[in-house]
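Peer 1: Input file: upload.tsv. Contents: TSV, C-alpha atoms.
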chain	number	residue	atom	x	y	z
A	38	MET	CA	16.95	-9.70	-4.08
A	39	PHE	CA	14.54	-9.94	-1.18
A	40	CYS	CA	15.50	-8.34	2.14
A	41	PRO	CA	17.18	-10.91	4.42
A	42	GLU	CA	15.56	-9.24	7.43
A	43	CYS	CA	12.09	-10.41	6.39
A	44	PRO	CA	10.53	-12.83	8.91
A	45	ALA	CA	10.03	-16.49	8.22
A	46	LEU	CA	6.63	-17.97	7.57
A	47	PRO	CA	4.58	-17.93	10.80
A	48	THR	CA	4.92	-21.21	12.68
A	49	PHE	CA	1.98	-20.49	15.02
A	50	LEU	CA	-0.40	-21.53	12.23
A	51	GLN	CA	0.49	-25.17	12.80
A	52	GLU	CA	0.33	-25.13	16.60
A	53	ALA	CA	-2.49	-26.39	18.80
A	54	GLY	CA	-3.63	-24.06	21.54
A	55	ARG	CA	-6.41	-21.79	22.71
A	56	LEU	CA	-7.85	-18.65	21.19
A	57	PHE	CA	-9.08	-16.08	23.73
A	58	LEU	CA	-11.69	-13.64	22.42
A	59	TRP	CA	-13.23	-10.51	23.94
A	60	LEU	CA	-16.20	-9.35	21.88
A	61	PRO	CA	-17.65	-5.81	21.68
A	62	THR	CA	-21.40	-6.62	21.84
A	63	PRO	CA	-23.71	-9.47	22.89
A	64	HIS	CA	-24.76	-9.74	19.25
A	65	THR	CA	-21.18	-10.41	18.11
A	66	HIS	CA	-20.68	-12.82	21.01
A	67	ARG	CA	-23.82	-14.76	20.05
A	68	LYS	CA	-22.89	-15.00	16.37
A	69	ILE	CA	-19.48	-16.51	17.08
A	70	TRP	CA	-20.84	-18.81	19.78
A	71	GLN	CA	-23.55	-20.18	17.49
A	72	ALA	CA	-21.21	-20.57	14.51
A	73	LEU	CA	-18.59	-22.48	16.49
A	74	GLU	CA	-21.07	-24.53	18.51
A	75	ALA	CA	-22.48	-25.77	15.21
A	76	LYS	CA	-19.06	-27.25	14.54
A	77	THR	CA	-18.91	-30.03	17.12
A	78	GLU	CA	-15.17	-30.45	16.61
A	79	VAL	CA	-14.53	-26.92	17.98
A	80	PRO	CA	-14.93	-26.83	21.80
A	81	VAL	CA	-15.92	-23.36	23.07
A	82	GLN	CA	-15.82	-22.12	26.66
A	83	LEU	CA	-17.69	-19.04	27.92
A	84	LEU	CA	-15.84	-16.33	29.84
A	85	GLN	CA	-17.21	-13.40	31.75
A	86	ASP	CA	-17.75	-10.04	30.06
A	87	LEU	CA	-18.49	-11.30	26.55
A	88	GLY	CA	-15.42	-13.51	26.40
A	89	LEU	CA	-14.86	-16.86	24.72
A	90	VAL	CA	-12.09	-19.44	24.73
A	91	VAL	CA	-11.89	-21.53	21.59
A	92	ALA	CA	-9.88	-24.76	21.56
A	93	ILE	CA	-7.70	-24.87	18.43
A	94	ALA	CA	-6.56	-28.22	17.07
A	95	GLN	CA	-3.18	-28.49	15.39
A	96	GLY	CA	-3.22	-26.57	12.11
A	97	ALA	CA	-6.83	-25.37	12.60
A	98	LEU	CA	-6.32	-21.71	13.55
A	99	LYS	CA	-6.57	-20.36	10.02
A	100	LYS	CA	-9.78	-22.26	9.25
A	101	THR	CA	-11.36	-21.19	12.55
A	102	LEU	CA	-10.62	-17.54	11.87
A	103	GLU	CA	-11.97	-17.84	8.33
A	104	THR	CA	-15.25	-19.11	9.83
A	105	MET	CA	-15.42	-15.99	12.01
A	106	ALA	CA	-14.57	-13.70	9.12
A	107	ASP	CA	-17.47	-15.17	7.14
A	108	ILE	CA	-20.05	-14.18	9.77
A	109	LEU	CA	-18.65	-10.92	11.18
A	110	SER	CA	-18.36	-7.50	9.60
A	111	GLN	CA	-14.98	-5.80	9.25
A	112	GLU	CA	-15.94	-3.41	12.05
A	113	GLU	CA	-16.86	-6.29	14.35
A	114	MET	CA	-13.56	-7.98	13.54
A	115	ARG	CA	-11.68	-4.77	14.21
A	116	ALA	CA	-13.46	-4.12	17.53
A	117	SER	CA	-12.99	-7.67	18.81
A	118	ARG	CA	-9.80	-8.44	20.73
A	119	ALA	CA	-7.93	-11.72	20.33
A	120	LEU	CA	-5.04	-13.64	21.85
A	121	PHE	CA	-3.78	-17.00	20.63
A	122	LEU	CA	-1.69	-19.05	23.06
A	123	ALA	CA	-0.04	-22.31	22.08
A	124	GLY	CA	-0.66	-25.19	24.47
A	125	ASP	CA	-3.17	-25.06	27.31
A	126	ARG	CA	-1.85	-22.32	29.57
A	127	ASP	CA	-3.92	-19.37	30.74
A	128	PRO	CA	-3.00	-15.79	29.84
A	129	CYS	CA	-0.72	-13.88	32.20
A	130	TRP	CA	0.05	-10.18	32.43
A	131	GLN	CA	3.02	-10.53	30.06
A	132	ASP	CA	0.57	-11.55	27.33
A	133	CYS	CA	-1.21	-8.18	27.44
A	134	ALA	CA	1.12	-6.75	24.80
A	135	ARG	CA	0.21	-9.59	22.42
A	136	VAL	CA	-3.53	-8.90	22.44
A	137	GLU	CA	-4.58	-7.62	19.03
A	138	SER	CA	-7.72	-7.07	17.01
A	139	LEU	CA	-9.39	-10.17	15.61
A	140	LEU	CA	-9.04	-8.59	12.17
A	141	GLN	CA	-5.28	-8.22	12.56
A	142	LEU	CA	-4.89	-11.83	13.72
A	143	PHE	CA	-7.02	-12.97	10.78
A	144	HIS	CA	-4.85	-11.06	8.33
A	145	ARG	CA	-1.69	-12.46	9.89
A	146	THR	CA	-2.96	-15.97	9.22
A	147	GLN	CA	-3.85	-14.95	5.67
A	148	ALA	CA	-0.40	-13.42	5.13
A	149	GLU	CA	1.07	-16.78	4.14
A	150	LEU	CA	0.52	-15.81	0.51
A	151	LEU	CA	2.30	-12.48	0.95
A	152	LEU	CA	5.22	-14.02	2.82
A	153	GLU	CA	5.62	-16.72	0.18
A	154	VAL	CA	5.62	-14.07	-2.56
A	155	LEU	CA	8.26	-12.06	-0.73
A	156	GLN	CA	10.50	-14.94	0.30
A	157	GLU	CA	10.37	-16.58	-3.12
A	158	ASN	CA	10.94	-13.26	-4.87
A	159	ARG	CA	7.64	-13.44	-6.76
A	160	LEU	CA	7.12	-9.71	-7.06
A	161	THR	CA	7.18	-8.15	-10.49
A	162	THR	CA	6.88	-4.64	-11.89
A	163	TYR	CA	4.43	-3.29	-14.44
A	164	PHE	CA	5.15	0.02	-16.15
A	165	GLN	CA	2.58	2.64	-17.08
A	166	PRO	CA	3.83	5.32	-19.48
A	167	ILE	CA	3.68	9.01	-18.63
A	168	VAL	CA	3.34	11.27	-21.67
A	169	ARG	CA	3.24	14.93	-22.61
A	170	ALA	CA	-0.33	16.23	-22.36
A	171	ARG	CA	0.02	18.20	-25.60
A	172	ASP	CA	1.82	15.37	-27.40
A	173	PRO	CA	0.63	11.95	-26.09
A	174	ALA	CA	2.96	10.18	-28.53
A	175	CYS	CA	5.90	11.55	-26.54
A	176	VAL	CA	6.61	9.17	-23.62
A	177	VAL	CA	8.74	10.96	-21.03
A	178	GLY	CA	8.77	8.34	-18.29
A	179	HIS	CA	7.02	5.46	-16.56
A	180	GLU	CA	5.43	4.77	-13.21
A	181	ALA	CA	6.59	1.49	-11.69
A	182	LEU	CA	3.64	-0.48	-10.28
A	183	VAL	CA	4.15	-3.58	-8.14
A	184	ARG	CA	2.35	-6.88	-8.75
A	185	GLY	CA	2.64	-10.27	-7.09
A	186	VAL	CA	2.53	-13.67	-8.77
A	187	ASP	CA	1.05	-16.72	-7.03
A	188	LYS	CA	2.27	-20.30	-7.48
A	189	GLU	CA	-0.15	-20.82	-10.38
A	190	GLY	CA	1.23	-17.79	-12.17
A	191	LYS	CA	-1.81	-15.58	-11.53
A	192	VAL	CA	-1.16	-11.90	-10.97
A	193	ILE	CA	-1.94	-10.48	-7.52
A	194	GLY	CA	-2.96	-6.83	-7.59
A	195	PRO	CA	-1.30	-4.16	-5.43
A	196	GLY	CA	-4.52	-3.48	-3.51
A	197	LEU	CA	-4.60	-6.98	-2.04
A	198	LEU	CA	-0.83	-7.06	-1.46
A	199	PHE	CA	-0.79	-3.83	0.52
A	200	ALA	CA	-3.99	-4.62	2.41
A	201	MET	CA	-2.43	-7.87	3.65
A	202	ALA	CA	0.84	-6.10	4.42
A	203	ARG	CA	-0.80	-3.35	6.49
A	204	GLU	CA	-2.93	-5.68	8.57
A	205	ALA	CA	-0.13	-8.23	9.04
A	206	GLN	CA	2.50	-5.58	9.92
A	207	LEU	CA	4.58	-6.43	6.84
A	208	LEU	CA	4.30	-3.05	5.15
A	209	TYR	CA	8.00	-2.27	5.62
A	210	HIS	CA	9.02	-5.52	3.93
A	211	LEU	CA	6.64	-5.16	0.99
A	212	ASP	CA	7.45	-1.49	0.44
A	213	LEU	CA	11.20	-2.17	0.40
A	214	ALA	CA	10.86	-5.21	-1.86
A	215	ALA	CA	8.61	-3.28	-4.27
A	216	ARG	CA	11.15	-0.46	-4.57
A	217	ARG	CA	14.01	-2.89	-5.18
A	218	THR	CA	11.97	-4.82	-7.75
A	219	ALA	CA	11.13	-1.61	-9.60
A	220	ILE	CA	14.78	-0.57	-9.78
A	221	ALA	CA	15.87	-4.01	-10.95
A	222	ALA	CA	13.15	-4.10	-13.64
A	223	ALA	CA	14.03	-0.62	-14.86
A	224	THR	CA	17.66	-1.71	-15.15
A	225	GLN	CA	16.75	-4.94	-16.94
A	226	HIS	CA	14.70	-3.07	-19.55
A	227	ARG	CA	17.27	-0.27	-19.85
A	228	LEU	CA	14.49	2.18	-19.13
A	229	GLN	CA	15.05	5.69	-20.41
A	230	GLY	CA	13.31	8.83	-19.22
A	231	ASP	CA	11.89	9.38	-15.74
A	232	LEU	CA	11.14	6.55	-13.34
A	233	PHE	CA	8.30	7.18	-10.86
A	234	ILE	CA	8.48	4.91	-7.80
A	235	ASN	CA	5.79	4.76	-5.11
A	236	PHE	CA	6.67	4.52	-1.45
A	237	SER	CA	4.69	4.33	1.78
A	238	PRO	CA	5.85	6.86	4.40
A	239	THR	CA	4.42	4.75	7.21
A	240	ALA	CA	6.80	1.93	6.22
A	241	ILE	CA	9.90	4.08	6.73
A	242	TYR	CA	11.07	4.46	10.31
A	243	ASP	CA	14.41	6.18	9.83
A	244	PRO	CA	15.14	7.56	6.33
A	245	ALA	CA	18.92	7.22	6.66
A	246	PHE	CA	18.57	3.55	7.58
A	247	CYS	CA	15.47	2.40	5.69
A	248	LEU	CA	16.29	4.11	2.40
A	249	ARG	CA	20.03	3.62	2.10
A	250	SER	CA	19.66	0.29	0.27
A	251	THR	CA	17.28	1.95	-2.21
A	252	VAL	CA	19.77	4.74	-2.88
A	253	TRP	CA	22.57	2.17	-3.21
A	254	ALA	CA	20.51	0.08	-5.68
A	255	ILE	CA	19.79	3.11	-7.87
A	256	SER	CA	23.44	4.14	-7.82
A	257	ARG	CA	24.59	0.60	-8.62
A	258	ALA	CA	22.11	0.44	-11.52
A	259	GLY	CA	23.66	3.59	-12.97
A	260	ILE	CA	20.34	5.48	-12.99
A	261	PRO	CA	20.93	9.25	-12.67
A	262	PRO	CA	19.18	10.44	-9.47
A	263	GLN	CA	17.50	13.34	-11.25
A	264	ARG	CA	15.57	10.83	-13.38
A	265	VAL	CA	13.97	9.20	-10.33
A	266	VAL	CA	10.75	10.60	-8.84
A	267	PHE	CA	9.53	9.18	-5.54
A	268	GLU	CA	5.78	9.41	-5.09
A	269	VAL	CA	4.11	9.84	-1.73
A	270	ASN	CA	0.42	9.03	-1.73
A	271	GLU	CA	-1.59	11.74	0.07
A	272	SER	CA	-4.11	9.22	1.38
A	273	ASP	CA	-1.31	6.99	2.76
A	274	ARG	CA	1.02	9.64	4.09
A	275	SER	CA	2.36	9.57	7.63
A	276	PRO	CA	0.29	11.53	10.14
A	277	ASP	CA	3.64	12.81	11.45
A	278	LEU	CA	4.38	15.69	9.10
A	279	ASP	CA	7.90	16.20	10.48
A	280	HIS	CA	8.70	12.56	9.75
A	281	LEU	CA	7.41	12.87	6.19
A	282	GLN	CA	9.43	16.03	5.64
A	283	ARG	CA	12.58	14.23	6.84
A	284	ILE	CA	11.94	11.46	4.31
A	285	LEU	CA	11.50	13.91	1.44
A	286	ARG	CA	14.55	15.89	2.58
A	287	PHE	CA	16.60	12.69	2.47
A	288	TYR	CA	15.42	11.94	-1.08
A	289	ARG	CA	16.17	15.47	-2.26
A	290	GLN	CA	19.63	15.51	-0.68
A	291	ALA	CA	20.36	12.31	-2.63
A	292	GLY	CA	19.42	14.15	-5.85
A	293	PHE	CA	15.96	12.66	-6.41
A	294	ARG	CA	12.71	14.48	-7.09
A	295	VAL	CA	9.49	13.97	-5.14
A	296	ALA	CA	5.86	13.86	-6.23
A	297	LEU	CA	2.68	14.24	-4.22
A	298	ASP	CA	0.26	11.60	-5.47
A	299	ASP	CA	-3.55	11.74	-5.37
A	300	LEU	CA	-3.71	15.51	-4.79
A	301	GLY	CA	-7.33	16.41	-4.19
A	302	ALA	CA	-8.20	13.09	-2.55
A	303	GLY	CA	-7.95	14.41	1.02
A	304	TYR	CA	-8.79	17.46	3.08
A	305	GLY	CA	-5.22	18.69	3.51
A	306	SER	CA	-4.28	19.14	-0.14
A	307	LEU	CA	-3.58	22.88	-0.04
A	308	ASN	CA	-1.56	22.69	3.17
A	309	LEU	CA	0.56	19.90	1.73
A	310	LEU	CA	1.64	22.06	-1.19
A	311	HIS	CA	3.51	24.53	0.99
A	312	GLN	CA	4.49	22.00	3.69
A	313	LEU	CA	6.08	19.48	1.30
A	314	GLN	CA	6.85	21.69	-1.73
A	315	PRO	CA	6.79	18.76	-4.19
A	316	ASP	CA	8.46	18.88	-7.57
A	317	VAL	CA	5.46	17.17	-9.17
A	318	ILE	CA	1.79	16.92	-8.19
A	319	LYS	CA	-0.47	14.18	-9.50
A	320	LEU	CA	-4.14	15.12	-9.62
A	321	ASP	CA	-6.30	12.40	-8.12
A	322	ARG	CA	-7.96	10.09	-10.63
A	323	GLU	CA	-11.37	10.57	-8.97
A	324	LEU	CA	-11.05	14.31	-9.49
A	325	ILE	CA	-10.09	13.83	-13.15
A	326	ARG	CA	-12.76	11.20	-13.91
A	327	GLY	CA	-15.47	12.98	-15.93
A	328	VAL	CA	-13.97	16.42	-15.22
A	329	ASP	CA	-14.94	17.54	-18.72
A	330	GLY	CA	-18.63	17.15	-17.84
A	331	ASP	CA	-18.67	18.03	-14.14
A	332	PRO	CA	-18.51	21.77	-13.31
A	333	TYR	CA	-17.77	21.15	-9.61
A	334	LYS	CA	-14.77	18.93	-10.35
A	335	ALA	CA	-13.66	21.35	-13.04
A	336	VAL	CA	-13.53	24.34	-10.64
A	337	ILE	CA	-11.56	22.36	-8.03
A	338	ALA	CA	-9.10	21.02	-10.61
A	339	GLU	CA	-8.67	24.47	-12.15
A	340	LYS	CA	-7.75	26.01	-8.79
A	341	LEU	CA	-5.25	23.25	-7.98
A	342	LEU	CA	-3.67	23.67	-11.40
A	343	GLU	CA	-3.54	27.42	-11.03
A	344	LEU	CA	-1.74	27.12	-7.69
A	345	ALA	CA	0.74	24.57	-9.02
A	346	GLN	CA	1.50	26.62	-12.11
A	347	LYS	CA	2.12	29.76	-10.04
A	348	LEU	CA	4.44	27.79	-7.76
A	349	GLY	CA	6.36	26.28	-10.68
A	350	ILE	CA	5.30	22.71	-9.87
A	351	THR	CA	5.01	20.17	-12.69
A	352	THR	CA	1.43	18.88	-13.01
A	353	LEU	CA	0.43	15.34	-13.92
A	354	ALA	CA	-3.17	14.17	-14.42
A	355	GLU	CA	-3.58	10.45	-13.76
A	356	GLY	CA	-6.49	8.19	-14.56
A	357	ILE	CA	-7.17	9.62	-18.03
A	358	GLU	CA	-9.73	7.24	-19.54
A	359	THR	CA	-11.53	9.27	-22.22
A	360	ALA	CA	-10.73	11.65	-25.04
A	361	GLY	CA	-12.84	14.30	-23.29
A	362	GLU	CA	-10.75	14.11	-20.12
A	363	LEU	CA	-7.54	14.33	-22.11
A	364	GLN	CA	-8.80	17.37	-24.03
A	365	TRP	CA	-9.87	19.12	-20.82
A	366	VAL	CA	-6.51	18.73	-19.08
A	367	ARG	CA	-4.69	19.81	-22.24
A	368	ASP	CA	-6.86	22.92	-22.47
A	369	HIS	CA	-6.09	23.76	-18.84
A	370	GLY	CA	-2.33	23.53	-19.06
A	371	VAL	CA	-1.57	20.15	-17.47
A	372	ASP	CA	2.01	19.15	-18.25
A	373	LEU	CA	1.88	15.34	-18.15
A	374	VAL	CA	-0.80	12.62	-18.26
A	375	GLN	CA	-1.18	8.89	-17.71
A	376	GLY	CA	-4.12	6.51	-17.74
A	377	PHE	CA	-5.84	3.67	-19.59
A	378	PHE	CA	-6.73	5.99	-22.48
A	379	ILE	CA	-2.99	6.42	-23.08
A	380	ALA	CA	-1.81	2.89	-22.19
A	381	ARG	CA	-2.42	0.27	-19.53
A	382	PRO	CA	0.36	-0.89	-17.20
A	383	GLN	CA	2.38	-3.66	-18.80
A	384	PRO	CA	5.44	-5.78	-17.91
A	385	VAL	CA	7.53	-4.31	-20.72
A	386	PRO	CA	7.71	-0.49	-20.86
A	387	LEU	CA	6.85	1.40	-24.01
A	388	GLY	CA	9.72	2.90	-25.93
A	389	LEU	CA	10.49	6.56	-25.46
A	390	ARG	CA	10.66	9.09	-28.23
A	391	PRO	CA	13.57	11.51	-27.85
A	392	LEU	CA	12.44	14.90	-26.64
A	393	GLY	CA	12.89	17.66	-29.15
Using the file provided, produce a representation of the structure as structure tokens.

Peer 2:
Amino acid sequence: MFCPECPALPTFLQEAGRLFLWLPTPHTHRKIWQALEAKTEVPVQLLQDLGLVVAIAQGALKKTLETMADILSQEEMRASRALFLAGDRDPCWQDCARVESLLQLFHRTQAELLLEVLQENRLTTYFQPIVRARDPACVVGHEALVRGVDKEGKVIGPGLLFAMAREAQLLYHLDLAARRTAIAAATQHRLQGDLFINFSPTAIYDPAFCLRSTVWAISRAGIPPQRVVFEVNESDRSPDLDHLQRILRFYRQAGFRVALDDLGAGYGSLNLLHQLQPDVIKLDRELIRGVDGDPYKAVIAEKLLELAQKLGITTLAEGIETAGELQWVRDHGVDLVQGFFIARPQPVPLGLRPLG
């Protein structure tokens, strides 16, 4: 069930008002001015210091911002500041806290799709099997991967979902709903073996508060905690290491295991091993891609595997797409693998073969 704390659909999209813009360069200022002046139904007023005021008719904010997004780069959108005020009043000092990047305002207007998916419970879970490297027929668990479904029944990928959530400040809501959906789907399919669930550390403010419903849902589903592995993505981890350690400590105290995802994707990989002491490390798919034919990748992967093996950490190579990659990781002692070469994510998990 979707979190009742999630906000309602934004009502400001239907309001008439004025959009105040402060642009970073004369070039950006000129592009917006020319684009909006070409639309005679959009009155534009010049302000000092590369500022503009755009009159917004009722229900026209989203379309106006889409026009700007078509002509500006992401960096220009991010560097531009914006403030939308309903009605015809001028900004006052209390409005300073509401000024945001033009890119963030644009994504908030585009977040209708995400909010509809969340409020109408249109998230679903795909499962990708995780198998023994030396015996790929032996499925030992699954990674739960979130997907959205639009009103036409088309699948919305996680990349778009999380991009909208980050920019629209809805990451907490999506992350929580994705975890709950994964647990519910695993229960529905009577999933056996390990269940790997992704989470975003930046979406968790206080572990004891933000994660208690997840722990309750797992307990209610009757899933043994030791079968659940929570994955933290290295590239999406919180810059506050103490905060991340508190999250992982909370998971471990509840009996769960933790995995460090995408190891090798960032600069801090080696430090993270001793700082977080994960139970499982997942080698980044970019590092694994073509590792059997790339001596540089091979040396890096070998050293990471050597460290993990000496520390007693389970190793998992993700993104296996060829027989050569699978053979290389098998030859170098990787414990578990997943990837398109094994099986693609699918709504119904593959059956598990009992471990002998």

Peer 1: What are the centre and the three edge lengths of an axis-aligned box that wraps all atoms of segment 358-362 of chain A in the file, given that 6 Å is added to every side, written as AutoDock Vina command-line options and rounded to one decimal in Å?

Peer 2:
--center_x -11.3 --center_y 10.8 --center_z -22.3 --size_x 15.1 --size_y 19.1 --size_z 17.5

Peer 1: A:Ala222, A:Ala354, A:Ala53, A:Leu60: which is nearest Leu89 of chain A, counting all atoms listed in the file?

Peer 2: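 Answer, going by the shortest atom-to-atom distance: A:Leu60.
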
Peer 1: List every protein, DNA or RNA residue that has an atom no more than 10 Å from (-3.8, -23.0, 16.5) in the file's coordinate frame, counting all atoms listed in the file, and report them as a PyMOL selection string.

Peer 2: chain A and resi 48-56+91-102+121-124

Peer 1: The residues within 8 Å of (-9.5, -1.4, 19.8), using all atoms listed in the file and the coordinates of the file, should be reported as an mmCIF file with C-alpha atoms, in the coordinates of the input; which are they?

Peer 2:
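Just written: out.cif:
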data_model
loop_
_atom_site.group_PDB
_atom_site.id
_atom_site.type_symbol
_atom_site.label_atom_id
_atom_site.label_comp_id
_atom_site.auth_asym_id
_atom_site.auth_seq_id
_atom_site.Cartn_x
_atom_site.Cartn_y
_atom_site.Cartn_z
ATOM 1 C CA ARG A 115 -11.680 -4.770 14.210
ATOM 2 C CA ALA A 116 -13.460 -4.120 17.530
ATOM 3 C CA SER A 117 -12.990 -7.670 18.810
ATOM 4 C CA ARG A 118 -9.800 -8.440 20.730
ATOM 5 C CA GLU A 137 -4.580 -7.620 19.030
ATOM 6 C CA SER A 138 -7.720 -7.070 17.010
#

Peer 1: Considering all atoms listed in the file, can you say which of A:Arg216, A:His64, A:Arg326, A:Arg283 comes closest to Ile255 of chain A?

Peer 2: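 Closest candidate: A:Arg216.
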
Peer 1: Each residue of segment 348-387 of chain A lying at most 12 Å from segment 192-200 of chain A should get a row with its shortest atom-to-atom pair and the distance in Å to one decimal, counting all atoms listed in the file; could you produce that, ordered by chain and increasing number, as JSON lines?

Peer 2:
{"residue": "A:Pro382", "atom": "CA", "partner": "A:Gly194", "partner_atom": "CA", "distance": 11.8}
{"residue": "A:Gln383", "atom": "CA", "partner": "A:Val192", "partner_atom": "CA", "distance": 11.9}
{"residue": "A:Pro384", "atom": "CA", "partner": "A:Val192", "partner_atom": "CA", "distance": 11.4}

Peer 1: Closest to Val177 of chain A among A:Asp321, A:Asp231, A:Glu204, A:Glu153, using only C-alpha atoms?

Peer 2: A:Asp231

Peer 1: Extract, using only C-alpha atoms, all DNA, RNA and protein residues at most 9 Å from Arg145 of chain A, discarding same-chain residues fewer than 5 positions from it, and format them as a PDB file with C-alpha atoms, keeping the file's coordinate frame.

Peer 2:
ATOM      1  CA  PRO A  47       4.580 -17.930  10.800  1.00  0.00           C
ATOM      2  CA  LEU A 140      -9.040  -8.590  12.170  1.00  0.00           C
ATOM      3  CA  MET A 201      -2.430  -7.870   3.650  1.00  0.00           C
ATOM      4  CA  ALA A 202       0.840  -6.100   4.420  1.00  0.00           C
ATOM      5  CA  GLU A 204      -2.930  -5.680   8.570  1.00  0.00           C
ATOM      6  CA  ALA A 205      -0.130  -8.230   9.040  1.00  0.00           C
ATOM      7  CA  GLN A 206       2.500  -5.580   9.920  1.00  0.00           C
TER       8      GLN A 206
END

Peer 1: What's the separation between atom CA of Pro332 of chain A and atom CA of Ala174 of chain A, in Å to one decimal place?

Peer 2: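 These two atoms are separated by 28.8 Å.
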
Peer 1: Quick one: distance from atom CA of Arg322 of chain A to atom CA of Val168 of chain A in Å, one decimal?

Peer 2: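 Going from atom CA of Arg322 of chain A over to atom CA of Val168 of chain A covers 15.8 Å.
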
Peer 1: Name the residues in contact with Leu83 of chain A at a cut-off of 10 Å, using only C-alpha atoms, excluding same-chain residues fewer than 4 positions from it; report them as a list in words.

Peer 2: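 So, after excluding close chain neighbours, the residues are Leu58, His66, Trp70, Leu87, Gly88, Leu89, Val90 and Val91 of chain A.
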
Peer 1: Closest to Leu152 of chain A among A:Ala360, A:Leu208, A:Ala335, A:Ile350, using only C-alpha atoms?

Peer 2: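 Comparing A:Ala360, A:Leu208, A:Ala335, A:Ile350 against Leu152 of chain A, the winner is A:Leu208.
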
Peer 1: Please compute the atom CA of Glu355 of chain A-atom CA of Leu320 of chain A distance, one decimal, in Å.

Peer 2: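 Answer for the atom CA of Glu355 of chain A to atom CA of Leu320 of chain A separation: 6.3 Å.
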